[in-house]
Amino acid sequence: MADSFIARSNRRLRPFGLTAAEVPIWLGGLIISLLWAAPFVWMVSTSLKHSNEVMTLNIEWLPPHPTLENYIRIFSEYPVLRWGLNSVVVAVISTALSVLSGALAGYALARLRFPGRDLLFGLFVASLMVPTEVCVVPLLLAMIKIGWANSYQALILPSVGNVFSVYIFRQFFLKFPNDLEDAAKMDGASQMLIFWKIAFPLARAPLIAATVILFTLNWNNFLWPLLITFDDSMKTLPVGIAAFAPVVGTHTQLEGFAVGMAGITILSLPSLLLFLGLQRYFIQGIASGAVRG
Amino acid sequence: MSQQAASLAERRPTDWVAYLFVAFFTLPFLIFNVGPIIFGAGIAFTKWGIFGRPEWIGFKNFTDSFKDVWVGIAFRNTLLYAVIIVPGVVVLGLIFALYVNRRWPLSSLVRTLFFSPNVVSSTVIGLVWVWLLDTQFGLINHYLGLIGIPNIPWLTSTQWSLIGVSIASIWWDLGLAFVLFLAALQDLPKELYEAAEIDGVNAWQRLRFVTLPQLRPVISMVITLQMIASLRIFSQVYVMTNGEPAGSSSSVIFYMYQTAITRSLFGYASAIAMMLFVMILVITVIHRRLIREM
């Protein structure tokens, strides 16, 4: 080990601080990670090609004659704007309701004393064992019976009770210092006031983590919106765009892949941008939510 | 810290306002998440369409499902998905995490790229991979052709469709496993490696005898999470193949969807979902038991 240590310090490649033996490993990993993201490049590149340049045998990574015709077509011929609006309404409201109610519940579970507290938390944790797919058929039947099919409330309400939100706030408030709370209590502040004025404004990290993760989850939600929306005008973006997939078996592609790739480029932009901008919160939130979950 | 907070709380009187705090979450949770589970367990024993009243038929949905050849295919395929996707995600996720954990130049870019497919919708995953795996014009077959492999009908043949969907799923799911492994690696105590360095251990031995044993809890957790996720596979199948050709890529949830939507057999669909739930529970319990005995 000692001589390899000396060798390492002697043969450092100046710019990167790597030894000669490490360079191939470093480059190999770098190339694999670029290949890993290449499908996104191919998606955007295809969406910018003329439709007659797509289904060809020669592979061109850069569109030879870049065009926006696929985007123009998708916006003019399909209700993509309406689907996008539905998705925004559903994802924003579901996420806001989840995060606010989760913060309140997480605070109570961590800081307040009341009979049934541990039982309630136990119920939340136990519910994670049941896959959501078990709920969808009975929920669909119930929604149809009460006339809520094709409605925003049917799209929104079932995704509010996401336990992840409670969990991440509870974790945060368990580590919250008592001093602030005690001082406020001395002044006769109520628990509600302490929560809104002191605890919640300080919970920036779990707030951002829960918001970005739940927004992405709600934005991408597929099975439930697919089941509950029969009317084209109530579809969300992922469900609407999914119709651009070719029909396998006969394997005909009516629209050509160019328009479909334009559709999924639009669909993936919000979550990809959110992820690139707030990556730290995504990764911390996921790691803290699941590792100790 | 939490102990301290808990003991402080013990001395306090009951905070009745807490029930108001939890109500905003608990009410929608009970109505839309717990309620349907109980309701679903009930309708699994009925015959119920969109119109008309439920008819109690006891275990008939379950006994029917044993005779239904498509249920058998769906369960077999779902297990095959798990058998392909879980090792793929765990092994690749671990390799990628070990690489990024070394902190190379541009490591954070690499981390971003490895995780990025995880944040997009199944529609994006499905469509982009249908295009990549296209038999005639797809990128994958093009590059395989360059090394002499003839065109593979990834999504259009009964032998390949399940593998095609699995490849897309591994690409989609890997990010979560990768991040969990990376977080665990970064939590490992440095002293362990210092001790190994003094003992003159090479890189392979360090991985085999220091890192991997330390990662056992997180590896087992990722296997459990990914197994449950893979057994629930639906949207990729829906977008990429519609279960075709000849049901060769169908899954349990996909068949449940078809039963409910195209045939309006809500009781039967619920029974299928319940059977999957029981299968997931049994597999999870067996897996946990095996881990403990190892």
# chains A, B, ... in the order shown; residues from 1 in each chain; ligands from 1
>>> interface_residues(of="chain B", to="chain A", cutoff="6 Å", atoms="only C-alpha atoms", output="PyMOL selection string")
chain B and resi 2+14-15+18+21-22+24-25+28-29+32+36-37+40+110+113+120-121+123-124+127+137+180+200+241+245+273
>>> select_by_dssp(residues="segment 88-161 of chain A", states="alpha helix (DSSP H)", output="JSON, numbers by chain")
{"A": [88, 89, 90, 91, 92, 93, 94, 95, 96, 97, 98, 99, 100, 101, 102, 103, 104, 105, 106, 107, 108, 109, 110, 111, 117, 118, 119, 120, 121, 122, 123, 124, 125, 126, 127, 133, 134, 135, 136, 137, 138, 139, 140, 141, 142, 143, 144, 145, 152, 153, 154, 155, 156]}
>>> residues_around(residues="segment 246-248 of chain B", least_positions_apart="6", cutoff="10 Å", atoms="only C-alpha atoms", output="mmCIF file with N, CA and C atoms, in the first residue's frame")
data_model
loop_
_atom_site.group_PDB
_atom_site.id
_atom_site.type_symbol
_atom_site.label_atom_id
_atom_site.label_comp_id
_atom_site.auth_asym_id
_atom_site.auth_seq_id
_atom_site.Cartn_x
_atom_site.Cartn_y
_atom_site.Cartn_z
ATOM 1 N N GLY A 249 -48.401 -4.966 -32.131
ATOM 2 C CA GLY A 249 -49.194 -6.066 -32.676
ATOM 3 C C GLY A 249 -49.306 -5.796 -34.153
ATOM 4 N N TRP B 70 -55.430 -16.232 -18.471
ATOM 5 C CA TRP B 70 -54.761 -14.931 -18.552
ATOM 6 C C TRP B 70 -54.255 -14.472 -17.189
ATOM 7 N N ILE B 73 -50.966 -16.236 -16.797
ATOM 8 C CA ILE B 73 -49.935 -15.574 -17.602
ATOM 9 C C ILE B 73 -49.498 -14.265 -16.938
ATOM 10 N N ALA B 74 -50.490 -13.496 -16.446
ATOM 11 C CA ALA B 74 -50.180 -12.194 -15.845
ATOM 12 C C ALA B 74 -49.301 -12.370 -14.602
ATOM 13 N N ARG B 76 -47.345 -14.954 -13.886
ATOM 14 C CA ARG B 76 -46.025 -15.459 -14.289
ATOM 15 C C ARG B 76 -45.172 -14.327 -14.839
ATOM 16 N N ASN B 77 -45.772 -13.507 -15.715
ATOM 17 C CA ASN B 77 -45.027 -12.376 -16.282
ATOM 18 C C ASN B 77 -44.574 -11.407 -15.201
ATOM 19 N N LEU B 155 -40.193 -5.305 -28.993
ATOM 20 C CA LEU B 155 -41.524 -5.132 -28.398
ATOM 21 C C LEU B 155 -42.616 -5.837 -29.197
ATOM 22 N N THR B 156 -42.232 -6.473 -30.294
ATOM 23 C CA THR B 156 -43.269 -7.025 -31.162
ATOM 24 C C THR B 156 -43.248 -8.539 -31.205
ATOM 25 N N SER B 157 -42.394 -9.195 -30.415
ATOM 26 C CA SER B 157 -42.400 -10.651 -30.434
ATOM 27 C C SER B 157 -42.650 -11.168 -29.030
ATOM 28 N N THR B 158 -43.227 -12.358 -28.953
ATOM 29 C CA THR B 158 -43.565 -12.918 -27.645
ATOM 30 C C THR B 158 -42.314 -13.238 -26.826
ATOM 31 N N GLN B 159 -41.188 -13.526 -27.495
ATOM 32 C CA GLN B 159 -39.981 -13.864 -26.728
ATOM 33 C C GLN B 159 -39.343 -12.626 -26.105
ATOM 34 N N TRP B 160 -39.471 -11.468 -26.773
ATOM 35 C CA TRP B 160 -38.678 -10.320 -26.372
ATOM 36 C C TRP B 160 -39.442 -9.227 -25.637
ATOM 37 N N SER B 161 -40.772 -9.172 -25.784
ATOM 38 C CA SER B 161 -41.495 -7.979 -25.314
ATOM 39 C C SER B 161 -41.304 -7.730 -23.815
ATOM 40 N N LEU B 162 -41.296 -8.804 -23.030
ATOM 41 C CA LEU B 162 -41.133 -8.611 -21.584
ATOM 42 C C LEU B 162 -39.745 -8.067 -21.256
ATOM 43 N N TYR B 255 -53.651 -6.547 -16.247
ATOM 44 C CA TYR B 255 -54.835 -7.394 -16.447
ATOM 45 C C TYR B 255 -55.999 -6.897 -15.595
#
>>> atom_distance(atom1="atom CA of Val90 of chain B", atom2="atom CA of Asp134 of chain B")
26.7 Å
>>> atom_distance(atom1="atom CA of Ile43 of chain B", atom2="atom CA of Asp64 of chain B")
15.0 Å
>>> residues_around(residues="Phe234 of chain B", least_positions_apart="3", cutoff="9 Å", atoms="only C-alpha atoms", output="list in words")
Leu223 of chain A; Ser230, Leu231, Val237, Tyr238, Val239, Ser250, Ser251, Val252, Ile253, Phe254 and Tyr257 of chain B
>>> select_by_dssp(residues="segment 38-222 of chain B", states="strand (DSSP E)", output="list in words")
Thr46, Lys47, Glu55 and Trp56 of chain B
>>> closest_residue(among="B:Gly138, B:Gly267, B:Gly175, B:Gly35", to="Val89 of chain B", atoms="only C-alpha atoms")
B:Gly175
>>> closest_residue(among="B:Ser166, B:Ser264, B:Thr135, B:Thr259", to="Leu80 of chain B", atoms="only C-alpha atoms")
B:Ser166
>>> closest_residue(among="A:His65, A:Lys197, A:Lys235, A:Arg204", to="Asn86 of chain A", atoms="only C-alpha atoms")
A:Lys235
>>> closest_residue(among="B:Ala195, B:Ala229, B:Leu265, B:Met279", to="Glu55 of chain B", atoms="only C-alpha atoms")
B:Leu265
>>> closest_atom_pairs(of="segment 55-159 of chain B", to="segment 183-193 of chain B", cutoff="8 Å", atoms="only C-alpha atoms", output="JSON lines")
{"residue": "B:Ala97", "atom": "CA", "partner": "B:Leu185", "partner_atom": "CA", "distance": 7.9}
{"residue": "B:Leu98", "atom": "CA", "partner": "B:Leu185", "partner_atom": "CA", "distance": 7.6}
{"residue": "B:Asn101", "atom": "CA", "partner": "B:Leu185", "partner_atom": "CA", "distance": 6.9}
>>> decode(residues="segment 152-201 of chain B", atoms="N, CA and C atoms", output="mmCIF file, in the first residue's frame")
data_model
loop_
_atom_site.group_PDB
_atom_site.id
_atom_site.type_symbol
_atom_site.label_atom_id
_atom_site.label_comp_id
_atom_site.auth_asym_id
_atom_site.auth_seq_id
_atom_site.Cartn_x
_atom_site.Cartn_y
_atom_site.Cartn_z
ATOM 1 N N ILE B 152 -33.476 -7.126 -33.487
ATOM 2 C CA ILE B 152 -34.241 -7.852 -32.478
ATOM 3 C C ILE B 152 -35.634 -7.227 -32.393
ATOM 4 N N PRO B 153 -36.697 -8.029 -32.523
ATOM 5 C CA PRO B 153 -38.058 -7.475 -32.410
ATOM 6 C C PRO B 153 -38.427 -7.248 -30.951
ATOM 7 N N TRP B 154 -37.804 -6.236 -30.323
ATOM 8 C CA TRP B 154 -37.883 -6.025 -28.878
ATOM 9 C C TRP B 154 -39.300 -6.035 -28.337
ATOM 10 N N LEU B 155 -40.193 -5.305 -28.993
ATOM 11 C CA LEU B 155 -41.524 -5.132 -28.398
ATOM 12 C C LEU B 155 -42.616 -5.837 -29.197
ATOM 13 N N THR B 156 -42.232 -6.473 -30.294
ATOM 14 C CA THR B 156 -43.269 -7.025 -31.162
ATOM 15 C C THR B 156 -43.248 -8.539 -31.205
ATOM 16 N N SER B 157 -42.394 -9.195 -30.415
ATOM 17 C CA SER B 157 -42.400 -10.651 -30.434
ATOM 18 C C SER B 157 -42.650 -11.168 -29.030
ATOM 19 N N THR B 158 -43.227 -12.358 -28.953
ATOM 20 C CA THR B 158 -43.565 -12.918 -27.645
ATOM 21 C C THR B 158 -42.314 -13.238 -26.826
ATOM 22 N N GLN B 159 -41.188 -13.526 -27.495
ATOM 23 C CA GLN B 159 -39.981 -13.864 -26.728
ATOM 24 C C GLN B 159 -39.343 -12.626 -26.105
ATOM 25 N N TRP B 160 -39.471 -11.468 -26.773
ATOM 26 C CA TRP B 160 -38.678 -10.320 -26.372
ATOM 27 C C TRP B 160 -39.442 -9.227 -25.637
ATOM 28 N N SER B 161 -40.772 -9.172 -25.784
ATOM 29 C CA SER B 161 -41.495 -7.979 -25.314
ATOM 30 C C SER B 161 -41.304 -7.730 -23.815
ATOM 31 N N LEU B 162 -41.296 -8.804 -23.030
ATOM 32 C CA LEU B 162 -41.133 -8.611 -21.584
ATOM 33 C C LEU B 162 -39.745 -8.067 -21.256
ATOM 34 N N ILE B 163 -38.761 -8.501 -22.036
ATOM 35 C CA ILE B 163 -37.398 -8.005 -21.820
ATOM 36 C C ILE B 163 -37.291 -6.540 -22.231
ATOM 37 N N GLY B 164 -37.939 -6.196 -23.352
ATOM 38 C CA GLY B 164 -37.940 -4.805 -23.798
ATOM 39 C C GLY B 164 -38.517 -3.871 -22.748
ATOM 40 N N VAL B 165 -39.664 -4.245 -22.189
ATOM 41 C CA VAL B 165 -40.291 -3.417 -21.158
ATOM 42 C C VAL B 165 -39.396 -3.373 -19.911
ATOM 43 N N SER B 166 -38.740 -4.490 -19.590
ATOM 44 C CA SER B 166 -37.863 -4.527 -18.410
ATOM 45 C C SER B 166 -36.682 -3.575 -18.562
ATOM 46 N N ILE B 167 -36.120 -3.498 -19.770
ATOM 47 C CA ILE B 167 -34.974 -2.603 -20.001
ATOM 48 C C ILE B 167 -35.385 -1.161 -19.695
ATOM 49 N N ALA B 168 -36.550 -0.754 -20.223
ATOM 50 C CA ALA B 168 -37.039 0.603 -19.969
ATOM 51 C C ALA B 168 -37.270 0.811 -18.473
ATOM 52 N N SER B 169 -37.785 -0.216 -17.795
ATOM 53 C CA SER B 169 -38.072 -0.097 -16.363
ATOM 54 C C SER B 169 -36.801 0.052 -15.546
ATOM 55 N N ILE B 170 -35.765 -0.677 -15.928
ATOM 56 C CA ILE B 170 -34.495 -0.557 -15.202
ATOM 57 C C ILE B 170 -33.968 0.868 -15.344
ATOM 58 N N TRP B 171 -34.063 1.401 -16.559
ATOM 59 C CA TRP B 171 -33.589 2.771 -16.808
ATOM 60 C C TRP B 171 -34.346 3.765 -15.945
ATOM 61 N N TRP B 172 -35.661 3.531 -15.797
ATOM 62 C CA TRP B 172 -36.516 4.444 -15.037
ATOM 63 C C TRP B 172 -36.267 4.329 -13.535
ATOM 64 N N ASP B 173 -36.218 3.086 -13.029
ATOM 65 C CA ASP B 173 -36.212 2.839 -11.580
ATOM 66 C C ASP B 173 -34.837 3.003 -10.940
ATOM 67 N N LEU B 174 -33.776 2.918 -11.740
ATOM 68 C CA LEU B 174 -32.439 2.858 -11.154
ATOM 69 C C LEU B 174 -32.118 4.035 -10.244
ATOM 70 N N GLY B 175 -32.586 5.248 -10.597
ATOM 71 C CA GLY B 175 -32.227 6.448 -9.857
ATOM 72 C C GLY B 175 -32.458 6.340 -8.362
ATOM 73 N N LEU B 176 -33.592 5.771 -7.971
ATOM 74 C CA LEU B 176 -33.920 5.681 -6.550
ATOM 75 C C LEU B 176 -32.909 4.797 -5.814
ATOM 76 N N ALA B 177 -32.654 3.597 -6.362
ATOM 77 C CA ALA B 177 -31.686 2.689 -5.738
ATOM 78 C C ALA B 177 -30.315 3.342 -5.662
ATOM 79 N N PHE B 178 -29.934 4.010 -6.755
ATOM 80 C CA PHE B 178 -28.639 4.686 -6.845
ATOM 81 C C PHE B 178 -28.487 5.725 -5.739
ATOM 82 N N VAL B 179 -29.517 6.560 -5.535
ATOM 83 C CA VAL B 179 -29.441 7.607 -4.513
ATOM 84 C C VAL B 179 -29.394 6.999 -3.110
ATOM 85 N N LEU B 180 -30.170 5.944 -2.883
ATOM 86 C CA LEU B 180 -30.167 5.309 -1.561
ATOM 87 C C LEU B 180 -28.809 4.669 -1.266
ATOM 88 N N PHE B 181 -28.217 4.017 -2.271
ATOM 89 C CA PHE B 181 -26.886 3.427 -2.082
ATOM 90 C C PHE B 181 -25.845 4.512 -1.821
ATOM 91 N N LEU B 182 -25.947 5.590 -2.604
ATOM 92 C CA LEU B 182 -24.970 6.667 -2.474
ATOM 93 C C LEU B 182 -25.053 7.295 -1.076
ATOM 94 N N ALA B 183 -26.282 7.525 -0.584
ATOM 95 C CA ALA B 183 -26.449 8.106 0.749
ATOM 96 C C ALA B 183 -25.845 7.186 1.805
ATOM 97 N N ALA B 184 -26.056 5.867 1.650
ATOM 98 C CA ALA B 184 -25.512 4.913 2.615
ATOM 99 C C ALA B 184 -23.989 4.888 2.556
ATOM 100 N N LEU B 185 -23.443 4.954 1.334
ATOM 101 C CA LEU B 185 -21.981 4.942 1.186
ATOM 102 C C LEU B 185 -21.353 6.163 1.850
ATOM 103 N N GLN B 186 -22.025 7.314 1.714
ATOM 104 C CA GLN B 186 -21.455 8.530 2.271
ATOM 105 C C GLN B 186 -21.564 8.565 3.797
ATOM 106 N N ASP B 187 -22.440 7.715 4.355
ATOM 107 C CA ASP B 187 -22.575 7.627 5.813
ATOM 108 C C ASP B 187 -21.586 6.647 6.439
ATOM 109 N N LEU B 188 -20.876 5.863 5.601
ATOM 110 C CA LEU B 188 -19.982 4.844 6.167
ATOM 111 C C LEU B 188 -18.856 5.511 6.948
ATOM 112 N N PRO B 189 -18.510 4.964 8.131
ATOM 113 C CA PRO B 189 -17.457 5.574 8.949
ATOM 114 C C PRO B 189 -16.094 5.495 8.262
ATOM 115 N N LYS B 190 -15.382 6.610 8.231
ATOM 116 C CA LYS B 190 -14.063 6.684 7.574
ATOM 117 C C LYS B 190 -13.050 5.775 8.277
ATOM 118 N N GLU B 191 -13.225 5.577 9.594
ATOM 119 C CA GLU B 191 -12.231 4.813 10.369
ATOM 120 C C GLU B 191 -12.076 3.398 9.816
ATOM 121 N N LEU B 192 -13.186 2.827 9.324
ATOM 122 C CA LEU B 192 -13.145 1.482 8.774
ATOM 123 C C LEU B 192 -12.118 1.392 7.665
ATOM 124 N N TYR B 193 -12.130 2.428 6.799
ATOM 125 C CA TYR B 193 -11.227 2.416 5.649
ATOM 126 C C TYR B 193 -9.800 2.699 6.063
ATOM 127 N N GLU B 194 -9.646 3.542 7.092
ATOM 128 C CA GLU B 194 -8.303 3.801 7.601
ATOM 129 C C GLU B 194 -7.706 2.508 8.148
ATOM 130 N N ALA B 195 -8.516 1.752 8.883
ATOM 131 C CA ALA B 195 -8.056 0.475 9.433
ATOM 132 C C ALA B 195 -7.685 -0.474 8.299
ATOM 133 N N ALA B 196 -8.525 -0.506 7.257
ATOM 134 C CA ALA B 196 -8.260 -1.394 6.125
ATOM 135 C C ALA B 196 -6.982 -0.991 5.413
ATOM 136 N N GLU B 197 -6.738 0.296 5.325
ATOM 137 C CA GLU B 197 -5.531 0.827 4.665
ATOM 138 C C GLU B 197 -4.284 0.343 5.386
ATOM 139 N N ILE B 198 -4.335 0.409 6.727
ATOM 140 C CA ILE B 198 -3.200 -0.033 7.548
ATOM 141 C C ILE B 198 -2.954 -1.526 7.348
ATOM 142 N N ASP B 199 -4.047 -2.306 7.240
ATOM 143 C CA ASP B 199 -3.906 -3.749 7.041
ATOM 144 C C ASP B 199 -3.442 -4.094 5.634
ATOM 145 N N GLY B 200 -3.254 -3.118 4.760
ATOM 146 C CA GLY B 200 -2.752 -3.360 3.419
ATOM 147 C C GLY B 200 -3.738 -4.112 2.542
ATOM 148 N N VAL B 201 -4.968 -3.673 2.555
ATOM 149 C CA VAL B 201 -6.027 -4.360 1.825
ATOM 150 C C VAL B 201 -6.158 -3.744 0.435
#
